[in-house]
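Okay, entry-v1.csv is below, CSV, C-alpha atoms and all ligand atoms:
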```
chain,number,residue,atom,x,y,z
A,1,MET,CA,-15.3,-0.3,11.4
A,2,VAL,CA,-14.2,3.3,11.0
A,3,GLU,CA,-17.1,5.7,10.5
A,4,THR,CA,-17.3,8.2,7.7
A,5,ALA,CA,-17.1,11.6,9.4
A,6,ILE,CA,-17.5,13.8,6.4
A,7,LYS,CA,-19.0,13.0,3.0
A,8,ILE,CA,-18.9,15.7,0.4
A,9,ASP,CA,-20.8,14.7,-2.7
A,10,ASN,CA,-20.8,16.7,-5.9
A,11,VAL,CA,-20.8,20.0,-4.1
A,12,SER,CA,-20.9,23.3,-6.1
A,13,PHE,CA,-21.4,26.8,-4.8
A,14,LYS,CA,-21.7,30.2,-6.4
A,15,TYR,CA,-21.8,33.3,-4.1
A,16,ARG,CA,-24.8,35.4,-4.9
A,17,ASN,CA,-22.8,38.3,-6.5
A,18,ALA,CA,-20.1,36.2,-8.1
A,19,ASP,CA,-19.6,35.5,-11.8
A,20,SER,CA,-18.4,32.0,-11.4
A,21,PHE,CA,-18.7,29.0,-9.1
A,22,ALA,CA,-16.3,29.0,-6.1
A,23,LEU,CA,-16.7,25.2,-5.8
A,24,LYS,CA,-17.3,22.9,-8.8
A,25,ARG,CA,-18.6,19.4,-8.2
A,26,VAL,CA,-16.3,18.6,-5.3
A,27,THR,CA,-16.5,15.0,-4.0
A,28,PHE,CA,-14.5,13.3,-1.3
A,29,GLU,CA,-14.9,11.5,2.0
A,30,VAL,CA,-13.1,11.8,5.3
A,31,ALA,CA,-13.0,8.9,7.8
A,32,GLU,CA,-13.3,9.5,11.5
A,33,GLY,CA,-9.9,10.2,13.0
A,34,GLU,CA,-8.2,11.3,9.8
A,35,PHE,CA,-6.1,14.4,9.5
A,36,ILE,CA,-6.7,16.1,6.2
A,37,LEU,CA,-4.7,18.9,4.7
A,38,LEU,CA,-6.5,21.2,2.3
A,39,ALA,CA,-4.2,23.0,-0.2
A,40,GLY,CA,-4.7,25.3,-3.1
A,41,PHE,CA,-3.6,28.8,-4.2
A,42,SER,CA,-5.4,31.9,-3.0
A,43,GLY,CA,-9.0,32.1,-4.3
A,44,SER,CA,-9.1,28.3,-5.1
A,45,GLY,CA,-12.1,27.8,-2.8
A,46,LYS,CA,-10.5,26.5,0.4
A,47,SER,CA,-12.4,28.7,2.9
A,48,THR,CA,-15.6,28.2,0.9
A,49,LEU,CA,-15.3,24.4,1.1
A,50,LEU,CA,-14.6,24.6,4.9
A,51,LYS,CA,-17.7,26.8,5.4
A,52,CYS,CA,-19.8,24.0,3.8
A,53,LEU,CA,-18.8,21.7,6.7
A,54,ASN,CA,-20.3,23.8,9.5
A,55,GLY,CA,-23.4,24.8,7.5
A,56,LEU,CA,-22.4,28.5,7.1
A,57,ILE,CA,-22.8,27.5,3.4
A,58,PRO,CA,-25.6,27.3,2.4
A,59,HIS,CA,-27.4,28.5,5.6
A,60,PHE,CA,-25.7,31.9,6.0
A,61,HIS,CA,-24.1,32.8,2.7
A,62,ALA,CA,-26.5,33.5,-0.1
A,63,GLY,CA,-25.8,31.8,-3.3
A,64,ARG,CA,-26.4,28.7,-5.4
A,65,PHE,CA,-25.6,25.5,-3.6
A,66,GLY,CA,-25.7,22.0,-5.2
A,67,GLY,CA,-24.8,18.6,-4.0
A,68,THR,CA,-24.7,17.3,-0.4
A,69,VAL,CA,-22.4,17.5,2.6
A,70,GLU,CA,-23.0,14.9,5.3
A,71,ILE,CA,-21.6,15.0,8.8
A,72,PHE,CA,-21.7,11.6,10.3
A,73,GLY,CA,-24.5,10.7,7.9
A,74,GLU,CA,-26.6,13.8,8.4
A,75,SER,CA,-27.0,16.2,5.6
A,76,THR,CA,-26.1,19.8,6.5
A,77,LEU,CA,-29.2,20.9,4.6
A,78,GLU,CA,-31.3,19.2,7.2
A,79,SER,CA,-29.3,20.2,10.3
A,80,ASP,CA,-29.3,23.8,11.6
A,81,THR,CA,-26.0,25.6,12.4
A,82,PRO,CA,-26.3,25.2,16.2
A,83,GLN,CA,-26.7,21.4,15.7
A,84,LEU,CA,-23.7,21.4,13.4
A,85,ALA,CA,-21.7,23.4,15.9
A,86,LYS,CA,-21.8,20.5,18.3
A,87,GLN,CA,-20.3,18.2,15.6
A,88,VAL,CA,-17.9,20.6,13.9
A,89,GLY,CA,-15.6,23.0,15.8
A,90,PHE,CA,-14.5,25.9,13.5
A,91,VAL,CA,-11.5,28.2,13.6
A,92,PHE,CA,-11.7,31.0,11.0
A,93,GLN,CA,-8.9,32.4,8.9
A,94,ASN,CA,-8.5,35.6,11.0
A,95,PRO,CA,-8.6,35.0,14.7
A,96,GLU,CA,-9.4,38.7,15.5
A,97,ASN,CA,-12.7,38.3,13.7
A,98,GLN,CA,-13.7,35.6,16.1
A,99,ILE,CA,-12.9,37.5,19.3
A,100,SER,CA,-15.8,39.3,21.1
A,101,ASN,CA,-15.3,38.8,24.8
A,102,LEU,CA,-13.4,40.6,27.6
A,103,THR,CA,-11.3,37.7,28.8
A,104,VAL,CA,-9.8,34.5,27.2
A,105,GLU,CA,-11.8,32.5,29.7
A,106,ARG,CA,-15.1,34.2,28.6
A,107,GLU,CA,-14.2,33.6,25.0
A,108,ILE,CA,-13.9,29.9,25.7
A,109,ALA,CA,-17.1,29.8,27.7
A,110,PHE,CA,-19.1,31.7,25.0
A,111,PRO,CA,-20.3,28.7,22.9
A,112,LEU,CA,-21.3,26.9,26.1
A,113,GLU,CA,-23.3,30.0,27.3
A,114,ASN,CA,-25.0,30.1,23.9
A,115,PHE,CA,-26.1,26.5,24.5
A,116,GLY,CA,-27.4,27.3,27.9
A,117,VAL,CA,-25.0,24.9,29.6
A,118,PRO,CA,-25.3,25.2,33.4
A,119,LYS,CA,-22.7,27.5,35.0
A,120,ASN,CA,-20.9,24.9,37.1
A,121,GLU,CA,-20.5,22.7,34.0
A,122,ILE,CA,-19.2,25.7,32.0
A,123,ILE,CA,-16.6,26.3,34.7
A,124,SER,CA,-15.3,22.8,34.8
A,125,ARG,CA,-15.2,22.6,30.9
A,126,VAL,CA,-13.2,25.8,30.8
A,127,ASP,CA,-10.9,24.4,33.5
A,128,GLU,CA,-10.4,21.3,31.4
A,129,LEU,CA,-9.7,23.2,28.2
A,130,VAL,CA,-7.3,25.6,29.8
A,131,ALA,CA,-5.3,22.7,31.2
A,132,LEU,CA,-5.4,20.7,28.0
A,133,LEU,CA,-4.1,23.6,25.9
A,134,ASN,CA,-1.7,25.0,28.6
A,135,MET,CA,-3.4,28.4,28.8
A,136,GLU,CA,-3.2,29.1,32.5
A,137,GLU,CA,-1.0,32.2,31.9
A,138,ILE,CA,-3.5,33.9,29.6
A,139,ARG,CA,-6.7,32.7,31.1
A,140,TYR,CA,-7.7,36.1,32.6
A,141,ARG,CA,-6.1,38.3,30.0
A,142,SER,CA,-7.9,40.3,27.4
A,143,PRO,CA,-7.9,38.4,24.1
A,144,TYR,CA,-7.1,41.7,22.4
A,145,SER,CA,-3.8,42.0,24.4
A,146,ILE,CA,-2.3,38.6,23.7
A,147,SER,CA,-0.1,37.4,20.8
A,148,GLY,CA,-1.5,36.1,17.5
A,149,GLY,CA,-0.5,32.5,18.5
A,150,GLU,CA,-2.3,32.9,21.8
A,151,GLN,CA,-5.4,34.2,20.0
A,152,GLN,CA,-5.4,31.2,17.8
A,153,LEU,CA,-5.0,29.0,20.8
A,154,THR,CA,-8.1,30.8,22.3
A,155,ALA,CA,-10.0,30.3,19.1
A,156,ILE,CA,-9.1,26.6,19.1
A,157,ALA,CA,-10.2,26.2,22.8
A,158,ALA,CA,-13.5,27.9,22.0
A,159,ALA,CA,-13.9,25.6,19.0
A,160,LEU,CA,-13.4,22.6,21.3
A,161,ALA,CA,-15.8,23.9,24.0
A,162,LEU,CA,-18.7,21.8,22.8
A,163,ASP,CA,-16.4,18.8,22.4
A,164,PRO,CA,-17.0,18.4,18.6
A,165,LYS,CA,-15.7,15.2,16.9
A,166,ILE,CA,-14.5,17.2,13.9
A,167,LEU,CA,-12.2,20.3,14.0
A,168,VAL,CA,-12.0,22.5,11.0
A,169,LEU,CA,-9.3,25.1,10.8
A,170,ASP,CA,-8.7,27.7,8.1
A,171,GLU,CA,-5.1,28.8,7.7
A,172,VAL,CA,-4.5,29.0,11.4
A,173,THR,CA,-0.8,29.4,11.2
A,174,ALA,CA,-0.8,32.1,8.4
A,175,HIS,CA,0.1,35.1,10.5
A,176,LEU,CA,2.1,33.3,13.2
A,177,SER,CA,5.9,33.1,13.9
A,178,PRO,CA,7.4,29.7,12.9
A,179,ARG,CA,7.6,28.9,16.6
A,180,SER,CA,3.9,29.6,17.3
A,181,ALA,CA,2.9,27.8,14.1
A,182,VAL,CA,4.7,24.7,15.2
A,183,HIS,CA,3.2,24.9,18.6
A,184,ILE,CA,-0.3,25.1,17.2
A,185,LEU,CA,0.3,22.3,14.7
A,186,THR,CA,1.8,20.1,17.3
A,187,LEU,CA,-1.2,20.6,19.5
A,188,LEU,CA,-3.5,19.7,16.5
A,189,ASN,CA,-1.5,16.6,16.0
A,190,GLU,CA,-2.1,15.7,19.7
A,191,LEU,CA,-5.8,16.4,19.4
A,192,ASN,CA,-5.9,14.1,16.4
A,193,LYS,CA,-3.8,11.2,17.8
A,194,LYS,CA,-4.6,11.3,21.4
A,195,HIS,CA,-8.1,12.8,21.5
A,196,LYS,CA,-9.2,11.2,18.2
A,197,LYS,CA,-10.5,14.4,16.6
A,198,THR,CA,-11.0,14.3,12.9
A,199,ILE,CA,-9.1,17.4,11.6
A,200,ILE,CA,-9.4,19.2,8.3
A,201,ILE,CA,-7.1,22.1,7.9
A,202,ALA,CA,-6.4,24.6,5.1
A,203,GLU,CA,-2.7,25.3,5.3
A,204,HIS,CA,-0.2,27.1,3.1
A,205,ARG,CA,2.9,25.6,4.6
A,206,LEU,CA,2.5,21.9,3.7
A,207,ASP,CA,6.0,21.0,5.1
A,208,ARG,CA,4.9,21.6,8.7
A,209,CYS,CA,2.1,19.1,8.4
A,210,LEU,CA,3.8,16.4,6.6
A,211,ASN,CA,4.6,14.3,9.6
A,212,PHE,CA,1.0,13.9,10.7
A,213,ALA,CA,-1.4,14.6,7.8
A,214,ASP,CA,-3.0,11.4,6.5
A,215,LYS,CA,-4.3,12.8,3.2
A,216,LEU,CA,-4.2,15.9,1.1
A,217,ALA,CA,-6.9,17.5,-1.0
A,218,PHE,CA,-5.8,20.0,-3.6
A,219,LEU,CA,-8.2,22.5,-5.0
A,220,GLU,CA,-7.7,24.6,-8.1
A,221,LYS,CA,-10.3,27.1,-9.2
A,222,GLY,CA,-13.0,25.4,-7.2
A,223,GLN,CA,-12.2,21.9,-8.5
A,224,LEU,CA,-10.8,19.1,-6.5
A,225,LYS,CA,-7.8,18.2,-8.6
A,226,VAL,CA,-6.4,15.4,-6.5
A,227,PHE,CA,-7.2,13.8,-3.2
A,228,GLY,CA,-5.5,11.0,-1.4
A,229,ASP,CA,-2.4,9.9,0.6
A,230,LEU,CA,0.3,12.4,0.6
A,231,GLN,CA,2.6,10.1,-1.4
A,232,ALA,CA,0.1,9.6,-4.1
A,233,VAL,CA,-0.8,13.3,-4.3
A,234,PHE,CA,2.8,14.5,-4.6
A,235,GLN,CA,3.4,11.9,-7.4
A,236,SER,CA,0.3,13.0,-9.2
A,237,LYS,CA,0.6,15.1,-12.3
A,238,GLU,CA,-2.4,17.1,-11.1
A,239,PHE,CA,-0.3,18.5,-8.2
A,240,PRO,CA,1.7,21.5,-9.2
A,241,THR,CA,5.5,21.3,-8.6
A,242,ASN,CA,5.6,24.8,-7.1
A,243,MET,CA,3.3,23.6,-4.4
A,244,LEU,CA,5.5,20.8,-3.3
A,245,PRO,CA,6.8,21.3,0.3
A,246,LYS,CA,10.3,22.6,0.6
A,247,ILE,CA,12.3,21.0,3.4
A,248,PRO,CA,16.0,20.4,3.9
A,249,SER,CA,16.6,16.8,3.2
A,250,LEU,CA,19.6,16.6,5.6
A,251,PHE,CA,17.4,17.8,8.5
A,252,LEU,CA,14.8,15.2,7.6
A,253,LYS,CA,17.4,12.5,7.9
A,254,LEU,CA,18.5,13.8,11.2
A,255,ASP,CA,15.2,14.5,12.8
A,256,LYS,CA,11.7,13.8,11.7
A,257,LYS,CA,10.2,16.7,13.7
A,258,ILE,CA,9.6,18.7,10.6
A,259,GLY,CA,9.3,22.4,11.1
A,260,LEU,CA,11.0,22.8,14.4
A,261,LEU,CA,13.8,24.8,12.8
A,262,GLY,CA,11.3,27.2,11.4
A,263,ASP,CA,11.3,29.3,8.2
A,264,LYS,CA,15.0,29.8,7.7
A,265,THR,CA,15.7,26.2,7.0
A,266,SER,CA,12.7,25.2,5.1
A,267,THR,CA,13.6,26.6,1.7
A,268,ILE,CA,15.5,23.8,0.1
A,269,PRO,CA,13.3,22.0,-2.4
A,270,LEU,CA,13.2,18.2,-2.3
A,271,THR,CA,12.6,16.0,-5.3
A,272,VAL,CA,9.3,14.1,-5.4
A,273,ASP,CA,11.2,10.9,-4.9
A,274,GLU,CA,13.0,12.2,-1.9
A,275,LEU,CA,9.7,13.5,-0.5
A,276,VAL,CA,7.9,10.2,-1.0
A,277,ALA,CA,10.9,8.2,0.5
A,278,THR,CA,10.7,10.5,3.5
A,279,LEU,CA,6.9,10.0,3.9
A,280,ASN,CA,7.3,6.2,3.6
A,281,ASN,CA,9.7,6.4,6.5
A,282,ARG,CA,7.3,8.3,8.8
B,301,LIG,N1,-18.5,36.4,0.3
B,301,LIG,C1,-18.1,36.2,-1.0
B,301,LIG,N2,-18.8,36.7,-2.0
B,301,LIG,C2,-18.5,36.6,-3.3
B,301,LIG,N3,-17.4,35.9,-3.7
B,301,LIG,C3,-16.6,35.3,-2.7
B,301,LIG,C4,-16.9,35.4,-1.3
B,301,LIG,N4,-16.0,34.8,-0.6
B,301,LIG,C5,-15.1,34.3,-1.5
B,301,LIG,N5,-15.5,34.6,-2.8
B,301,LIG,C6,-14.9,34.1,-4.0
B,301,LIG,O1,-14.9,32.7,-4.1
B,301,LIG,C7,-13.6,32.2,-4.6
B,301,LIG,C8,-13.0,31.3,-3.5
B,301,LIG,O2,-12.7,32.0,-2.4
B,301,LIG,P1,-12.1,31.4,-1.1
B,301,LIG,O3,-12.1,32.5,-0.1
B,301,LIG,O4,-12.9,30.2,-0.7
B,301,LIG,O5,-10.7,30.9,-1.5
B,301,LIG,P2,-9.4,30.5,-0.6
B,301,LIG,O6,-8.8,29.3,-1.3
B,301,LIG,O7,-9.8,30.3,0.8
B,301,LIG,O8,-8.4,31.7,-0.8
B,301,LIG,P3,-7.3,32.3,0.3
B,301,LIG,O9,-6.1,31.3,0.2
B,301,LIG,O10,-7.0,33.6,-0.2
B,301,LIG,O11,-7.9,32.3,1.7
B,301,LIG,C9,-12.8,33.4,-4.9
B,301,LIG,O12,-12.9,33.7,-6.3
B,301,LIG,C10,-13.4,34.5,-4.1
B,301,LIG,O13,-13.2,35.8,-4.7
B,302,MG,MG,-9.3,31.2,2.6
```

Output the structure of this file as structure tokens.
Amino acid sequence: MVETAIKIDNVSFKYRNADSFALKRVTFEVAEGEFILLAGFSGSGKSTLLKCLNGLIPHFHAGRFGGTVEIFGESTLESDTPQLAKQVGFVFQNPENQISNLTVEREIAFPLENFGVPKNEIISRVDELVALLNMEEIRYRSPYSISGGEQQLTAIAAALALDPKILVLDEVTAHLSPRSAVHILTLLNELNKKHKKTIIIAEHRLDRCLNFADKLAFLEKGQLKVFGDLQAVFQSKEFPTNMLPKIPSLFLKLDKKIGLLGDKTSTIPLTVDELVATLNNR
């Protein structure tokens, strides 16, 4: 039987100085091994919801929290953030905020050092991650001197250091070139399919994830408007048409590797029927 990885039940949150709730009675579940796309316009509560998964909310952000979030059956209210860090790897919206070390290698080792992992184990884990993510060329570079895509790769490697079962990523492709974005998303697909990581990602460009996301959660003003299989979500009246992914239909027929052609070609809107037919053929 597939385990429930994440159970979000009736979750509301209001930041201490805010006038209104950033999350309003959000409820949904994620099974182990699923790849979930979290969509919503700016300010809809995506980052807030993701921060509930690793306990930053309510443990670090002051405010009013209601409901429960369970990670593999354990409430985040009863786990502390280091405990949660072993279960949930987190990549923040801005990679530069996550960087604090002198080399990429030290950056990846940082969570392991925090947990007091013995040095020889740290070295072999970093070796593993560098090989897994193909980071040999940047291993000894300063994280401040590498590209945005490479910084995200470093942040992902650090998030994977403790081998969490769940990986949460907040708009990781937002500032990347189409090529780097596709590289990162392809890697996430591999981590999901091959390494069985449960992935939840907030992402603006839905088209790039269509080929491998299992479900989509759409937030609007803190409310979960619709959640389910991509087909069902795109057909739902709750999902705004201006949020539908735009992809050239001809390209889809020729090659299912969505996104490889990058931004220039991804501007032709598809109808909902075309989209759903495409998804059914995945
Ligand atoms: N630290 C904070 N203190 C007070 N209000 C906050 C804080 N962080 C976010 N908010 C508010 O909570 C709401 C949800 O913000 P959040 O950052 O979760 O949205 P988002 O969907 O991630 O937006 P974006 O797409 O711009 O990243 C917004 O109204 C925002 O202004
Ligand atoms: Mg955000």

Top pick for closest residue to ligand MG 302 (chain B), considering A:Val104, A:Leu169, A:Ile6, A:Ala85 and counting all atoms listed in the file:
A:Leu169

Neighbours of ligand LIG 301 (chain B) within 8 Å, counting only C-alpha atoms and all ligand atoms, as a count of residues only?
29

If we count all atoms listed in the file and set the cut-off at 8 Å, which residues sit around stretch 154-162 of chain A, ignoring sequence neighbours fewer than 4 positions away in its own chain? Please answer as a list in words.
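Close residues of stretch 154-162 of chain A: Ala85, Lys86, Gly89, Phe90, Val91, Pro95, Gln98, Ile99, Val104, Glu107, Ile108, Ala109, Phe110, Pro111, Leu112, Arg125, Val126, Leu129, Val130, Leu133, Pro143, Glu150 and Leu167 of chain A.
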
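The environment of A:Thr198 within 6 Å, counting only C-alpha atoms and disregarding residues fewer than 5 places along the same chain, consists of Glu32, Gly33, Glu34, Phe35 and Ile166 of chain A.
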
Near stretch 78-84 of chain A, within 7 Å and counting only C-alpha atoms, which residues show up once chain neighbours fewer than 3 positions away are dropped, as an NGL selection string?
:A and (54-55 or 75 or 87-88)

Using all atoms listed in the file, find the one residue out of A:Gly73, A:Gly149, A:Gly63, A:Pro58 that sits nearest to A:Ala31.
A:Gly73

Could you check which residues have any atom within 9 Å of (-6.4, 19.4, 12.5), counting all atoms listed in the file with coordinates taken straight from the file, and then list them as number ranges by chain?
A: 34-37, 166-169, 185, 187-189, 191-192, 197-201, 213

Which value, in Å to one decimal, gives the distance between atom CA of A:Leu206 and atom CA of A:Leu244?
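That distance, rounded to one decimal, is 7.7 Å.
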
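One distance worth recording is that between atom CA of A:Leu38 and atom CA of A:Glu203, which is 6.3 Å.
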
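Note that atom CA of A:Asn242 and atom CA of A:Ser177 are 22.6 Å apart.
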
Please provide the set of residues having any atom within 9 Å of stretch 227-236 of chain A, restricted to all atoms listed in the file, with same-chain residues fewer than 4 positions apart removed, written as an NGL selection string.
:A and (28 or 210 or 213-219 or 240-241 or 244 or 272-273 or 275-277 or 279-280)

Using only C-alpha atoms and all ligand atoms, pick whichever of A:Ser145, A:Glu105, A:Asp163, A:Val172 has the shortest atom-to-atom distance to ligand MG 302 (chain B).
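Under the stated criterion, the closest residue is A:Val172.
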